[in-house]
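*Asks:* So I've got this file, coords32.cif, and it contains mmCIF, C-alpha atoms and all ligand atoms:
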```
data_structure
#
loop_
_atom_site.label_atom_id
_atom_site.label_comp_id
_atom_site.auth_asym_id
_atom_site.auth_seq_id
_atom_site.Cartn_x
_atom_site.Cartn_y
_atom_site.Cartn_z
CA MET H 1 -16.03 85.85 70.59
CA ASN H 2 -17.97 85.30 73.76
CA TYR H 3 -15.80 82.70 75.44
CA TRP H 4 -18.23 81.99 78.25
CA ASN H 5 -21.10 81.24 75.87
CA PHE H 6 -18.82 78.93 73.98
CA PHE H 7 -17.76 76.95 77.06
CA ASN H 8 -21.34 76.85 78.30
CA ALA H 9 -22.73 75.58 74.98
CA SER H 10 -20.01 72.93 74.71
CA LEU H 11 -20.69 71.67 78.20
CA ALA H 12 -24.44 71.69 77.60
CA ASN H 13 -23.86 69.55 74.53
CA ILE H 14 -21.73 67.08 76.49
CA LYS H 15 -24.51 66.86 79.09
CA LEU H 16 -27.16 66.38 76.44
CA GLU H 17 -25.23 63.47 75.00
CA GLY H 18 -24.93 61.92 78.46
CA ARG H 19 -21.14 62.26 78.34
CA TYR H 20 -20.72 64.73 81.20
CA ARG H 21 -18.25 63.32 83.70
CA VAL H 22 -19.04 63.36 87.40
CA PHE H 23 -16.12 62.43 89.64
CA GLN H 24 -16.51 60.57 92.90
CA ASN H 25 -14.76 62.28 95.80
CA LEU H 26 -12.88 59.42 97.45
CA GLU H 27 -10.42 58.88 100.25
CA ARG H 28 -8.74 55.52 100.05
CA CYS H 29 -8.15 53.83 103.41
CA ALA H 30 -4.58 52.61 103.80
CA GLY H 31 -4.52 49.17 105.37
CA GLU H 32 -8.15 48.56 104.40
CA PHE H 33 -7.86 48.08 100.66
CA PRO H 34 -10.22 48.12 98.67
CA TYR H 35 -12.28 50.33 101.00
CA ALA H 36 -12.56 54.08 100.58
CA ILE H 37 -14.52 56.90 102.18
CA ARG H 38 -16.77 58.63 99.69
CA HIS H 39 -17.36 62.28 100.52
CA THR H 40 -20.75 63.64 99.52
CA SER H 41 -22.76 66.76 100.32
CA SER H 42 -24.75 64.69 102.80
CA GLY H 43 -21.77 63.20 104.59
CA GLU H 44 -19.37 60.29 104.39
CA GLN H 45 -19.99 56.79 103.08
CA LYS H 46 -17.67 53.79 103.23
CA VAL H 47 -17.54 52.07 99.85
CA ILE H 48 -15.68 49.24 98.15
CA ILE H 49 -13.83 50.29 95.02
CA TRP H 50 -14.49 47.89 92.15
CA CYS H 51 -13.01 49.88 89.27
CA GLY H 52 -9.48 50.81 90.33
CA ASN H 53 -6.26 49.93 88.54
CA ASP H 54 -4.24 49.33 91.72
CA TYR H 55 -4.68 45.69 90.76
CA LEU H 56 -2.37 44.14 93.33
CA GLY H 57 -2.91 46.54 96.22
CA MET H 58 0.68 47.76 95.91
CA GLY H 59 -0.55 51.30 96.55
CA GLN H 60 -0.78 50.26 100.20
CA ASN H 61 2.06 47.78 100.43
CA PRO H 62 3.79 48.36 103.80
CA ASP H 63 7.31 48.04 102.32
CA VAL H 64 6.52 50.61 99.64
CA ILE H 65 5.02 52.99 102.19
CA LYS H 66 8.10 52.58 104.41
CA ALA H 67 10.49 53.16 101.52
CA MET H 68 8.65 56.35 100.59
CA ILE H 69 8.55 57.72 104.13
CA GLU H 70 12.24 57.00 104.65
CA ALA H 71 13.12 58.57 101.31
CA ILE H 72 11.08 61.69 101.97
CA GLN H 73 12.76 62.12 105.34
CA ARG H 74 16.20 61.62 103.78
CA MET H 75 15.74 63.54 100.50
CA GLY H 76 12.76 65.84 101.00
CA THR H 77 9.80 66.27 98.68
CA GLY H 78 10.42 67.36 95.10
CA SER H 79 13.36 66.47 92.86
CA GLY H 80 14.25 70.11 92.30
CA GLY H 81 14.71 70.02 88.58
CA THR H 82 14.43 68.41 85.19
CA ARG H 83 16.45 65.26 84.68
CA ASN H 84 19.23 67.23 82.97
CA ILE H 85 19.35 70.08 85.47
CA SER H 86 19.81 68.52 88.92
CA GLY H 87 16.73 66.27 88.75
CA THR H 88 18.41 62.90 88.18
CA THR H 89 18.26 61.59 91.71
CA HIS H 90 19.90 58.38 92.85
CA PRO H 91 16.51 56.56 93.02
CA HIS H 92 15.91 57.46 89.33
CA VAL H 93 19.14 55.72 88.37
CA LEU H 94 18.23 52.67 90.45
CA LEU H 95 14.70 52.53 89.03
CA GLU H 96 15.86 52.61 85.43
CA LYS H 97 18.20 49.66 86.15
CA GLU H 98 15.36 47.82 87.86
CA ILE H 99 13.02 48.38 84.88
CA ALA H 100 15.61 47.41 82.25
CA ASP H 101 16.04 44.12 84.12
CA LEU H 102 12.26 43.72 84.48
CA HIS H 103 11.95 43.58 80.70
CA ASP H 104 15.32 41.94 79.96
CA GLN H 105 16.29 45.02 78.02
CA GLU H 106 19.54 47.01 77.92
CA ALA H 107 18.10 50.26 79.20
CA ALA H 108 15.01 52.07 80.46
CA LEU H 109 13.83 55.65 80.78
CA VAL H 110 11.33 56.97 83.34
CA PHE H 111 8.70 59.63 82.52
CA THR H 112 6.19 61.46 84.68
CA SER H 113 3.36 59.19 83.52
CA GLY H 114 2.56 56.36 81.15
CA TYR H 115 0.65 58.85 79.04
CA VAL H 116 3.72 61.05 78.68
CA ALA H 117 5.91 58.03 77.92
CA ASN H 118 3.65 57.05 75.00
CA GLU H 119 2.99 60.54 73.75
CA THR H 120 6.54 61.82 73.73
CA THR H 121 8.26 58.60 72.61
CA LEU H 122 5.99 58.05 69.62
CA SER H 123 5.92 61.71 68.63
CA THR H 124 9.71 61.94 68.84
CA LEU H 125 10.33 58.76 66.85
CA GLY H 126 7.70 59.58 64.24
CA ALA H 127 9.04 63.11 63.79
CA SER H 128 12.71 62.12 63.74
CA LEU H 129 12.85 59.04 61.53
CA PRO H 130 12.82 60.43 57.96
CA GLY H 131 9.63 59.48 56.10
CA CYS H 132 8.38 57.37 59.01
CA VAL H 133 5.05 55.51 58.82
CA ILE H 134 3.33 54.53 62.06
CA LEU H 135 0.94 51.58 61.96
CA SER H 136 -1.43 51.78 64.89
CA ASP H 137 -3.99 49.27 66.20
CA ALA H 138 -7.55 50.57 65.89
CA HIS H 139 -8.12 50.26 69.66
CA ASN H 140 -4.94 52.00 70.79
CA HIS H 141 -5.02 54.23 73.86
CA ALA H 142 -5.41 58.01 73.50
CA SER H 143 -1.81 58.58 74.63
CA MET H 144 -0.48 56.68 71.61
CA ILE H 145 -2.97 58.32 69.26
CA GLU H 146 -1.90 61.77 70.46
CA GLY H 147 1.80 60.91 70.17
CA ILE H 148 1.34 59.71 66.62
CA ARG H 149 -0.69 62.80 65.73
CA HIS H 150 1.94 65.15 67.13
CA SER H 151 4.70 63.34 65.24
CA ARG H 152 2.99 64.37 61.96
CA ALA H 153 4.25 61.08 60.53
CA GLU H 154 2.00 59.19 58.13
CA LYS H 155 -0.40 57.07 60.15
CA ILE H 156 -2.11 53.84 59.15
CA ILE H 157 -4.72 52.27 61.40
CA PHE H 158 -4.87 48.50 61.15
CA LYS H 159 -7.87 46.44 62.27
CA HIS H 160 -7.82 45.58 65.95
CA ASN H 161 -5.52 42.60 66.68
CA ASP H 162 -5.53 41.70 62.97
CA TYR H 163 -2.04 40.74 61.81
CA HIS H 164 -3.28 39.88 58.31
CA ASP H 165 -4.57 43.41 57.93
CA LEU H 166 -1.29 44.72 59.33
CA GLU H 167 0.61 42.74 56.73
CA THR H 168 -1.63 43.99 53.91
CA HIS H 169 -0.68 47.54 54.86
CA LEU H 170 3.02 46.78 55.34
CA GLN H 171 3.23 45.19 51.89
CA LYS H 172 2.21 48.47 50.29
CA ILE H 173 4.84 50.63 52.00
CA ASP H 174 8.19 51.33 50.37
CA PRO H 175 10.57 48.88 52.12
CA ALA H 176 13.15 51.65 52.53
CA ARG H 177 10.86 53.77 54.73
CA PRO H 178 11.15 53.53 58.51
CA LYS H 179 8.08 51.98 60.14
CA ILE H 180 6.75 51.59 63.67
CA VAL H 181 4.02 49.10 64.60
CA ALA H 182 2.31 50.22 67.83
CA PHE H 183 -0.18 48.20 69.86
CA GLU H 184 -1.11 47.13 73.39
CA SER H 185 -0.87 43.79 75.17
CA VAL H 186 -4.04 44.00 77.30
CA TYR H 187 -6.74 46.38 76.04
CA SER H 188 -8.12 48.20 79.01
CA MET H 189 -11.81 48.38 78.09
CA GLU H 190 -12.49 44.96 76.52
CA GLY H 191 -9.79 43.15 78.47
CA ASP H 192 -8.74 41.24 75.36
CA ILE H 193 -5.10 40.32 74.78
CA ALA H 194 -3.27 40.94 71.50
CA PRO H 195 -1.68 38.20 69.40
CA ILE H 196 1.66 39.80 70.24
CA GLN H 197 3.87 37.18 68.65
CA GLU H 198 2.04 37.23 65.31
CA LEU H 199 1.89 41.02 65.16
CA ALA H 200 5.54 41.37 66.13
CA GLU H 201 6.71 38.73 63.66
CA VAL H 202 4.82 40.35 60.79
CA ALA H 203 6.26 43.74 61.78
CA ARG H 204 9.80 42.37 61.99
CA ASN H 205 9.49 40.70 58.59
CA TYR H 206 9.00 44.18 57.17
CA ASN H 207 11.81 45.68 59.24
CA ALA H 208 9.42 47.72 61.40
CA LEU H 209 10.13 48.67 65.01
CA VAL H 210 7.76 46.93 67.44
CA TYR H 211 6.24 49.24 70.07
CA LEU H 212 4.23 47.51 72.80
CA ASP H 213 2.13 49.23 75.50
CA GLU H 214 2.17 46.80 78.44
CA VAL H 215 0.44 49.19 80.85
CA HIS H 216 -2.24 46.67 81.87
CA GLY H 217 0.20 43.75 81.90
CA VAL H 218 3.20 44.90 83.94
CA GLY H 219 3.39 43.63 87.50
CA MET H 220 0.60 41.12 86.84
CA TYR H 221 1.89 38.71 84.21
CA GLY H 222 5.24 37.04 83.55
CA HIS H 223 7.67 35.41 85.99
CA LYS H 224 8.98 38.77 87.22
CA GLY H 225 5.98 40.87 86.37
CA GLY H 226 7.34 41.96 83.00
CA GLY H 227 3.93 41.62 81.32
CA ILE H 228 2.22 39.45 78.72
CA ALA H 229 5.22 39.33 76.35
CA GLN H 230 7.31 37.97 79.20
CA MET H 231 4.64 35.44 80.18
CA ARG H 232 4.59 34.20 76.59
CA GLY H 233 8.39 34.10 76.33
CA ILE H 234 8.51 36.58 73.44
CA SER H 235 10.11 39.66 75.02
CA HIS H 236 12.93 39.46 72.45
CA LEU H 237 10.44 40.36 69.69
CA ILE H 238 9.68 43.75 71.24
CA ASP H 239 11.86 46.77 70.46
CA ILE H 240 10.17 49.21 72.82
CA THR H 241 8.15 48.15 75.83
CA GLN H 242 6.15 50.95 77.42
CA GLY H 243 4.68 50.62 80.91
CA THR H 244 3.27 52.49 83.87
CA LEU H 245 4.05 52.72 87.55
CA GLY H 246 0.52 53.99 88.18
CA LYS H 247 -1.49 50.78 87.90
CA ALA H 248 -0.21 47.44 89.30
CA TYR H 249 2.83 49.16 90.85
CA GLY H 250 0.51 51.46 92.79
CA LEU H 251 2.27 54.81 92.29
CA ILE H 252 2.60 57.16 89.33
CA GLY H 253 5.03 57.46 86.44
CA GLY H 254 5.68 55.76 83.14
CA TYR H 255 8.59 54.33 81.26
CA ILE H 256 10.02 52.76 78.14
CA ALA H 257 12.56 49.95 77.95
CA GLY H 258 14.63 48.92 74.95
CA LYS H 259 18.09 48.89 73.43
CA SER H 260 20.52 51.46 74.90
CA LEU H 261 20.85 53.31 71.61
CA LEU H 262 17.13 53.82 71.26
CA VAL H 263 16.64 54.82 74.90
CA ASP H 264 19.59 57.22 74.67
CA PHE H 265 18.04 58.75 71.55
CA ILE H 266 14.72 59.39 73.30
CA ARG H 267 16.55 60.70 76.39
CA SER H 268 18.38 63.17 74.16
CA LYS H 269 15.46 64.26 71.98
CA ALA H 270 12.02 63.86 73.58
CA PRO H 271 10.54 67.16 74.82
CA GLY H 272 8.15 65.36 77.21
CA PHE H 273 11.18 63.83 78.90
CA ILE H 274 13.57 66.77 78.79
CA PHE H 275 11.47 69.81 79.64
CA THR H 276 9.66 68.74 82.78
CA THR H 277 10.58 68.37 86.43
CA SER H 278 11.44 64.78 87.25
CA LEU H 279 9.34 62.70 89.62
CA PRO H 280 9.92 63.21 93.36
CA PRO H 281 12.75 60.97 94.64
CA ALA H 282 10.55 59.44 97.36
CA LEU H 283 8.03 58.37 94.77
CA VAL H 284 10.77 56.84 92.64
CA ALA H 285 12.21 55.07 95.69
CA GLY H 286 8.72 53.64 96.28
CA ALA H 287 8.65 52.46 92.67
CA VAL H 288 12.03 50.73 93.04
CA THR H 289 10.61 48.83 96.03
CA SER H 290 7.32 48.02 94.27
CA VAL H 291 8.90 46.78 91.02
CA HIS H 292 11.53 44.81 92.93
CA HIS H 293 8.93 43.30 95.26
CA LEU H 294 6.78 42.02 92.40
CA LYS H 295 9.80 40.45 90.70
CA TYR H 296 10.16 37.98 93.55
CA SER H 297 6.74 37.81 95.17
CA HIS H 298 4.18 35.77 93.23
CA MET H 299 1.53 35.74 95.92
CA GLU H 300 -0.18 38.92 94.68
CA ARG H 301 -0.30 37.72 91.05
CA GLU H 302 -1.65 34.32 92.09
CA GLN H 303 -4.36 35.71 94.36
CA HIS H 304 -5.29 38.22 91.66
CA GLN H 305 -5.82 35.42 89.13
CA LEU H 306 -7.88 33.38 91.63
CA ASN H 307 -10.13 36.37 92.32
CA VAL H 308 -10.56 37.12 88.63
CA ALA H 309 -11.52 33.50 87.90
CA TYR H 310 -13.95 33.46 90.83
CA LEU H 311 -15.66 36.68 89.74
CA LYS H 312 -15.98 35.47 86.14
CA ARG H 313 -17.49 32.18 87.34
CA LYS H 314 -20.00 33.93 89.60
CA VAL H 315 -21.04 36.41 86.91
CA GLU H 316 -21.43 33.57 84.43
CA GLN H 317 -23.55 31.49 86.85
CA SER H 318 -25.79 34.49 87.57
CA ARG H 319 -26.28 35.09 83.84
CA ILE H 320 -25.13 38.69 84.09
CA PRO H 321 -23.95 39.58 80.56
CA TYR H 322 -20.20 40.23 80.42
CA LEU H 323 -17.38 40.26 77.91
CA GLU H 324 -15.41 37.05 77.99
CA SER H 325 -11.69 37.73 78.04
CA GLU H 326 -8.42 36.11 78.95
CA SER H 327 -7.38 39.01 81.13
CA HIS H 328 -8.23 40.38 84.56
CA ILE H 329 -10.71 42.95 83.26
CA VAL H 330 -14.35 41.89 83.63
CA SER H 331 -16.74 44.15 81.75
CA VAL H 332 -20.41 43.73 82.65
CA ILE H 333 -22.53 44.97 79.77
CA VAL H 334 -25.67 47.03 80.36
CA GLY H 335 -25.90 48.30 76.80
CA GLU H 336 -27.60 51.66 77.25
CA ALA H 337 -26.14 54.84 78.74
CA LYS H 338 -28.97 55.88 81.08
CA ARG H 339 -29.53 52.41 82.47
CA CYS H 340 -25.81 51.87 82.86
CA LYS H 341 -25.65 55.01 84.94
CA GLU H 342 -28.64 53.89 86.94
CA VAL H 343 -27.09 50.50 87.72
CA ALA H 344 -23.97 52.28 88.98
CA GLU H 345 -26.05 54.67 91.09
CA ARG H 346 -27.97 51.82 92.69
CA LEU H 347 -24.76 49.92 93.44
CA LEU H 348 -23.37 52.98 95.14
CA GLU H 349 -26.49 54.11 97.02
CA ASP H 350 -27.95 50.74 98.02
CA TYR H 351 -24.90 48.49 98.26
CA ASN H 352 -21.89 50.78 98.96
CA ILE H 353 -20.24 49.47 95.81
CA TYR H 354 -18.39 51.85 93.54
CA ALA H 355 -18.11 50.85 89.86
CA GLN H 356 -17.85 53.73 87.42
CA PRO H 357 -20.26 53.50 84.44
CA ILE H 358 -18.41 53.61 81.14
CA ASN H 359 -20.33 55.10 78.27
CA TYR H 360 -19.78 56.38 74.73
CA PRO H 361 -17.33 57.64 73.44
CA THR H 362 -14.97 55.62 75.66
CA VAL H 363 -16.80 52.51 74.44
CA PRO H 364 -19.13 52.04 71.42
CA LYS H 365 -22.84 52.84 71.83
CA GLY H 366 -24.81 49.74 72.77
CA THR H 367 -21.93 48.37 74.85
CA GLU H 368 -22.23 50.70 77.83
CA ARG H 369 -20.70 48.86 80.74
CA LEU H 370 -19.31 48.58 84.21
CA ARG H 371 -15.63 47.72 83.93
CA LEU H 372 -14.85 45.64 86.99
CA THR H 373 -11.30 45.15 88.16
CA PRO H 374 -11.06 42.57 90.92
CA SER H 375 -7.79 43.10 92.76
CA ALA H 376 -5.62 40.68 94.68
CA LEU H 377 -7.18 42.06 97.87
CA HIS H 378 -10.90 41.73 97.14
CA SER H 379 -12.22 38.77 99.14
CA PHE H 380 -14.51 36.03 97.84
CA GLU H 381 -17.19 37.45 100.18
CA MET H 382 -16.88 40.84 98.49
CA ILE H 383 -17.23 39.14 95.12
CA ASP H 384 -20.33 37.26 96.32
CA GLU H 385 -21.86 40.51 97.57
CA LEU H 386 -21.11 42.25 94.29
CA VAL H 387 -22.71 39.56 92.15
CA ASP H 388 -25.72 39.30 94.49
CA ALA H 389 -26.18 43.06 94.14
CA PHE H 390 -26.02 42.75 90.36
CA THR H 391 -28.65 40.01 90.41
CA GLU H 392 -31.05 42.08 92.55
CA ILE H 393 -30.57 45.15 90.38
CA TRP H 394 -30.91 43.16 87.15
CA ASP H 395 -34.20 41.69 88.39
CA SER H 396 -35.63 44.94 89.71
CA MET H 397 -34.72 46.88 86.55
CA ASP H 398 -35.74 43.99 84.33
CA LEU H 399 -32.43 44.04 82.47
CA ARG H 400 -31.52 41.49 79.85
CA LYS H 401 -29.75 38.39 81.12
CA ALA H 402 -27.33 36.14 79.27
CA ALA H 403 -28.76 32.95 77.76
C1 LIG H 501 -3.63 54.16 81.68
C2 LIG H 501 -3.04 53.91 80.33
C3 LIG H 501 -1.94 54.64 79.87
C4 LIG H 501 -1.43 55.84 80.59
O1 LIG H 501 -0.71 55.50 81.74
P1 LIG H 501 -0.68 56.54 82.96
O2 LIG H 501 0.50 56.08 83.73
O3 LIG H 501 -1.98 56.39 83.67
O4 LIG H 501 -0.50 57.89 82.37
C5 LIG H 501 -1.35 54.27 78.69
N1 LIG H 501 -1.81 53.24 77.96
C6 LIG H 501 -2.89 52.53 78.36
C7 LIG H 501 -3.38 51.40 77.53
C8 LIG H 501 -3.55 52.85 79.55
O5 LIG H 501 -4.64 52.18 79.92
#
```
Please express what this file holds, its structure, as structure tokens.
*Replies:*
Amino acid sequence: MNYWNFFNASLANIKLEGRYRVFQNLERCAGEFPYAIRHTSSGEQKVIIWCGNDYLGMGQNPDVIKAMIEAIQRMGTGSGGTRNISGTTHPHVLLEKEIADLHDQEAALVFTSGYVANETTLSTLGASLPGCVILSDAHNHASMIEGIRHSRAEKIIFKHNDYHDLETHLQKIDPARPKIVAFESVYSMEGDIAPIQELAEVARNYNALVYLDEVHGVGMYGHKGGGIAQMRGISHLIDITQGTLGKAYGLIGGYIAGKSLLVDFIRSKAPGFIFTTSLPPALVAGAVTSVHHLKYSHMEREQHQLNVAYLKRKVEQSRIPYLESESHIVSVIVGEAKRCKEVAERLLEDYNIYAQPINYPTVPKGTERLRLTPSALHSFEMIDELVDAFTEIWDSMDLRKAA
């Protein structure tokens, strides 16, 4: 085997298909959200980030920054161990209490990322429950798909957001078998929101555990930031809520929340929880501050919603094609990989606007897009500038407009 030929051919193929990923080299400017310095071979460029997931600007919240600096001075950098072997720091204990309360659940467990939380929780449950079947929404995130795969449990994919299809599958499964129904609240690429109540009720009728990924909902929806289920008053229908500290909470880390027995089971069994160094205490202290802050402060959520509504209105008025959704994710559709890339390049080069083009296989061919995420800290002027830039680019490239 010539390894180097293999890697080279694989990469060449990815490039040929237009799927080769080029990362922007960015330096976010604390205190100047959403600005960042873009480093290029020809120098530095100040840009506005339009595709980040730090939806509420909590990544630069002064109280969070202060909590982290104080904690790092008091406790140092790393945690020094796995959770079991000296790595359960006091901030970890506080954070798990804070998260359990966030979701009105008995207990919570923190992981090194949302990806790990999904992967290791689903793989552990699927592998442990004898004869388990996992029913998974067709649009589920890669972290859930991988977890289900690693569990080696039987997997059934139900049609996206389709509770009738879910029920059709559930009817055919031996009632005695353990079942998990796994789906998301807000889907990150389309920005659509699941019929959580209907899906959860169908699942519960068949005695399945309800597993909900609220990654794009936590912090932003619900009276304390507990997500879409909380906003809709249906948290009690969810057995396991999974979330992240890396998006609206502005840090890194993931978690699950649920009944104590279930959380204790995962704590005792999941390799992705047990066999890895725990998050640095300063980071966890920052998360305690961020989660706590967004329980009581509604300003960020309200401004976020105003900005989202304003951007949608402007895009609509300018007849730039976009996916209508109830959520905060505004996907502008270009519909062809090369042109999508070109729109993004022009935004960056001519307007200092950074929006990452999203192409196949992340989204289906023909729906290549720019996934825009207005934050609480983008101004109306920034939104005006963005939509004006789109209009100029659309006209100069002769792109299709909405009717
Ligand atoms: C980002 C994301 C995750 C992973 O969370 P991280 O904390 O970034 O690892 C899980 N699920 C969904 C739907 C996501 O978009």
*Asks:* Using only C-alpha atoms for the distances, tell me which of H:Thr88, H:Ser268, H:Ser41, H:Gln242 is nearest to Ser128 in chain H.
*Replies:*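 Using only C-alpha atoms, the shortest distance to Ser128 in chain H belongs to H:Ser268.
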*Asks:* Name the residues, by chain letter and number, that sit within 6 Å of ligand LIG 501 (chain H) using all atoms listed in the file, and give them as an mmCIF file with C-alpha atoms, in the coordinates of the input.
*Replies:*
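As written to disk, pocket-v7.cif reads:
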```
data_model
loop_
_atom_site.group_PDB
_atom_site.id
_atom_site.type_symbol
_atom_site.label_atom_id
_atom_site.label_comp_id
_atom_site.auth_asym_id
_atom_site.auth_seq_id
_atom_site.Cartn_x
_atom_site.Cartn_y
_atom_site.Cartn_z
ATOM 1 C CA SER H 113 3.360 59.190 83.520
ATOM 2 C CA GLY H 114 2.560 56.360 81.150
ATOM 3 C CA TYR H 115 0.650 58.850 79.040
ATOM 4 C CA HIS H 141 -5.020 54.230 73.860
ATOM 5 C CA SER H 143 -1.810 58.580 74.630
ATOM 6 C CA SER H 188 -8.120 48.200 79.010
ATOM 7 C CA VAL H 215 0.440 49.190 80.850
ATOM 8 C CA THR H 244 3.270 52.490 83.870
ATOM 9 C CA GLY H 246 0.520 53.990 88.180
ATOM 10 C CA GLY H 253 5.030 57.460 86.440
ATOM 11 C CA GLY H 254 5.680 55.760 83.140
#
```
*Asks:* Specify the axis-aligned box that encloses all atoms of range 93-108 of chain H listed in the file after padding of 5 Å on each side, stating its centre and edge lengths in Å to one decimal as AutoDock Vina command-line options.
*Replies:*
```
--center_x 15.7 --center_y 48.8 --center_z 84.2 --size_x 17.6 --size_y 23.8 --size_z 22.5
```
*Asks:* Quick one: residues within 7 Å of Ala248 in chain H, all atoms listed in the file, excluding same-chain residues fewer than 6 positions away - as a compact mmCIF listing (two decimals) with C-alpha atoms, in the frame of the given file?
*Replies:*
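The result, written out as around12.txt:
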```
# COMPACT_ATOMS: atom_id res chain seq x y z
CA ASN H 53 -6.26 49.93 88.54
CA ASP H 54 -4.24 49.33 91.72
CA TYR H 55 -4.68 45.69 90.76
CA LEU H 56 -2.37 44.14 93.33
CA MET H 58 0.68 47.76 95.91
CA VAL H 218 3.20 44.90 83.94
CA GLY H 219 3.39 43.63 87.50
CA MET H 220 0.60 41.12 86.84
```
*Asks:* Give as number ranges by chain each residue that has an atom at most 6 Å from (8.9, 54.6, 82.0) in the file, counting only C-alpha atoms.
*Replies:* H: 109-111, 243, 254-256
*Asks:* Got a sec: who's within 9 Å of Thr391 in chain H, counting all atoms listed in the file, leaving out chain neighbours fewer than 5 positions off, as number ranges by chain?
*Replies:* H: 318-320, 386, 396
*Asks:* Please list as a count of residues only every residue within 10 Å of Ala229 in chain H, counting only C-alpha atoms and excluding residues in the same chain fewer than 6 positions away.
*Replies:* 17
*Asks:* I'd like the interatomic distance between CA of Glu32 in chain H and CA of Ser375 in chain H, to a tenth of an Å.
*Replies:* 12.9 Å
*Asks:* Just how far from CA of Ile252 in chain H is CA of Ala30 in chain H, in Å to one decimal?
*Replies:*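 That distance, rounded to one decimal, is 16.8 Å.
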*Asks:* For the atom pair CA of Asn8 in chain H and CA of Lys341 in chain H, what is the interatomic distance in Å to one decimal place?
*Replies:*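 Taking CA of Asn8 in chain H as the start and CA of Lys341 in chain H as the end point, the length is 23.2 Å.
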*Asks:* Which one is closest to Thr121 in chain H: H:Pro91, H:Ile85, H:Ile393, H:Ala270? Count all atoms listed in the file.
*Replies:*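 Using all atoms listed in the file, Thr121 in chain H sits closest to H:Ala270.
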*Asks:* Might you pull out every residue within 8 Å of range 200-204 of chain H, with only C-alpha atoms counted and same-chain residues fewer than 5 positions away left off, and present them as a list in words?
*Replies:*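 Listing them by chain and then by number gives Tyr163, Leu166, Glu167, Leu170, Val181, Leu209, Val210, Leu237 and Ile238 of chain H.
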*Asks:* Please identify all polymer residues within 8 Å of Ile329 in chain H, counting all atoms listed in the file, omitting same-chain residues fewer than 5 positions from it, and present them as a PyMOL selection string.
*Replies:* chain H and resi 188-191+308+371-374
*Asks:* Using the partial input, fill out range 85-99 of chain H with N, CA and C atoms; write the result as a tab-separated table (two decimals), in the coordinates of the input.
*Replies:*
```tsv
chain	number	residue	atom	x	y	z
H	85	ILE	N	18.88	69.01	84.59
H	85	ILE	CA	19.35	70.08	85.47
H	85	ILE	C	19.01	69.72	86.91
H	86	SER	N	19.81	68.91	87.50
H	86	SER	CA	19.81	68.52	88.92
H	86	SER	C	18.69	67.57	89.33
H	87	GLY	N	17.86	67.12	88.38
H	87	GLY	CA	16.73	66.27	88.75
H	87	GLY	C	16.93	64.78	88.55
H	88	THR	N	18.17	64.34	88.24
H	88	THR	CA	18.41	62.90	88.18
H	88	THR	C	18.88	62.46	89.56
H	89	THR	N	17.93	61.97	90.34
H	89	THR	CA	18.26	61.59	91.71
H	89	THR	C	18.73	60.14	91.71
H	90	HIS	N	19.39	59.75	92.78
H	90	HIS	CA	19.90	58.38	92.85
H	90	HIS	C	18.77	57.35	92.64
H	91	PRO	N	17.59	57.52	93.28
H	91	PRO	CA	16.51	56.56	93.02
H	91	PRO	C	16.13	56.45	91.54
H	92	HIS	N	16.21	57.54	90.77
H	92	HIS	CA	15.91	57.46	89.33
H	92	HIS	C	16.86	56.48	88.65
H	93	VAL	N	18.14	56.59	89.00
H	93	VAL	CA	19.14	55.72	88.37
H	93	VAL	C	18.85	54.27	88.73
H	94	LEU	N	18.54	54.03	90.01
H	94	LEU	CA	18.23	52.67	90.45
H	94	LEU	C	16.98	52.13	89.75
H	95	LEU	N	15.96	52.99	89.63
H	95	LEU	CA	14.70	52.53	89.03
H	95	LEU	C	14.89	52.15	87.57
H	96	GLU	N	15.67	52.93	86.85
H	96	GLU	CA	15.86	52.61	85.43
H	96	GLU	C	16.61	51.29	85.26
H	97	LYS	N	17.53	50.99	86.17
H	97	LYS	CA	18.20	49.66	86.15
H	97	LYS	C	17.18	48.56	86.44
H	98	GLU	N	16.35	48.81	87.44
H	98	GLU	CA	15.36	47.82	87.86
H	98	GLU	C	14.38	47.52	86.71
H	99	ILE	N	13.98	48.56	85.97
H	99	ILE	CA	13.02	48.38	84.88
H	99	ILE	C	13.67	47.71	83.66
```
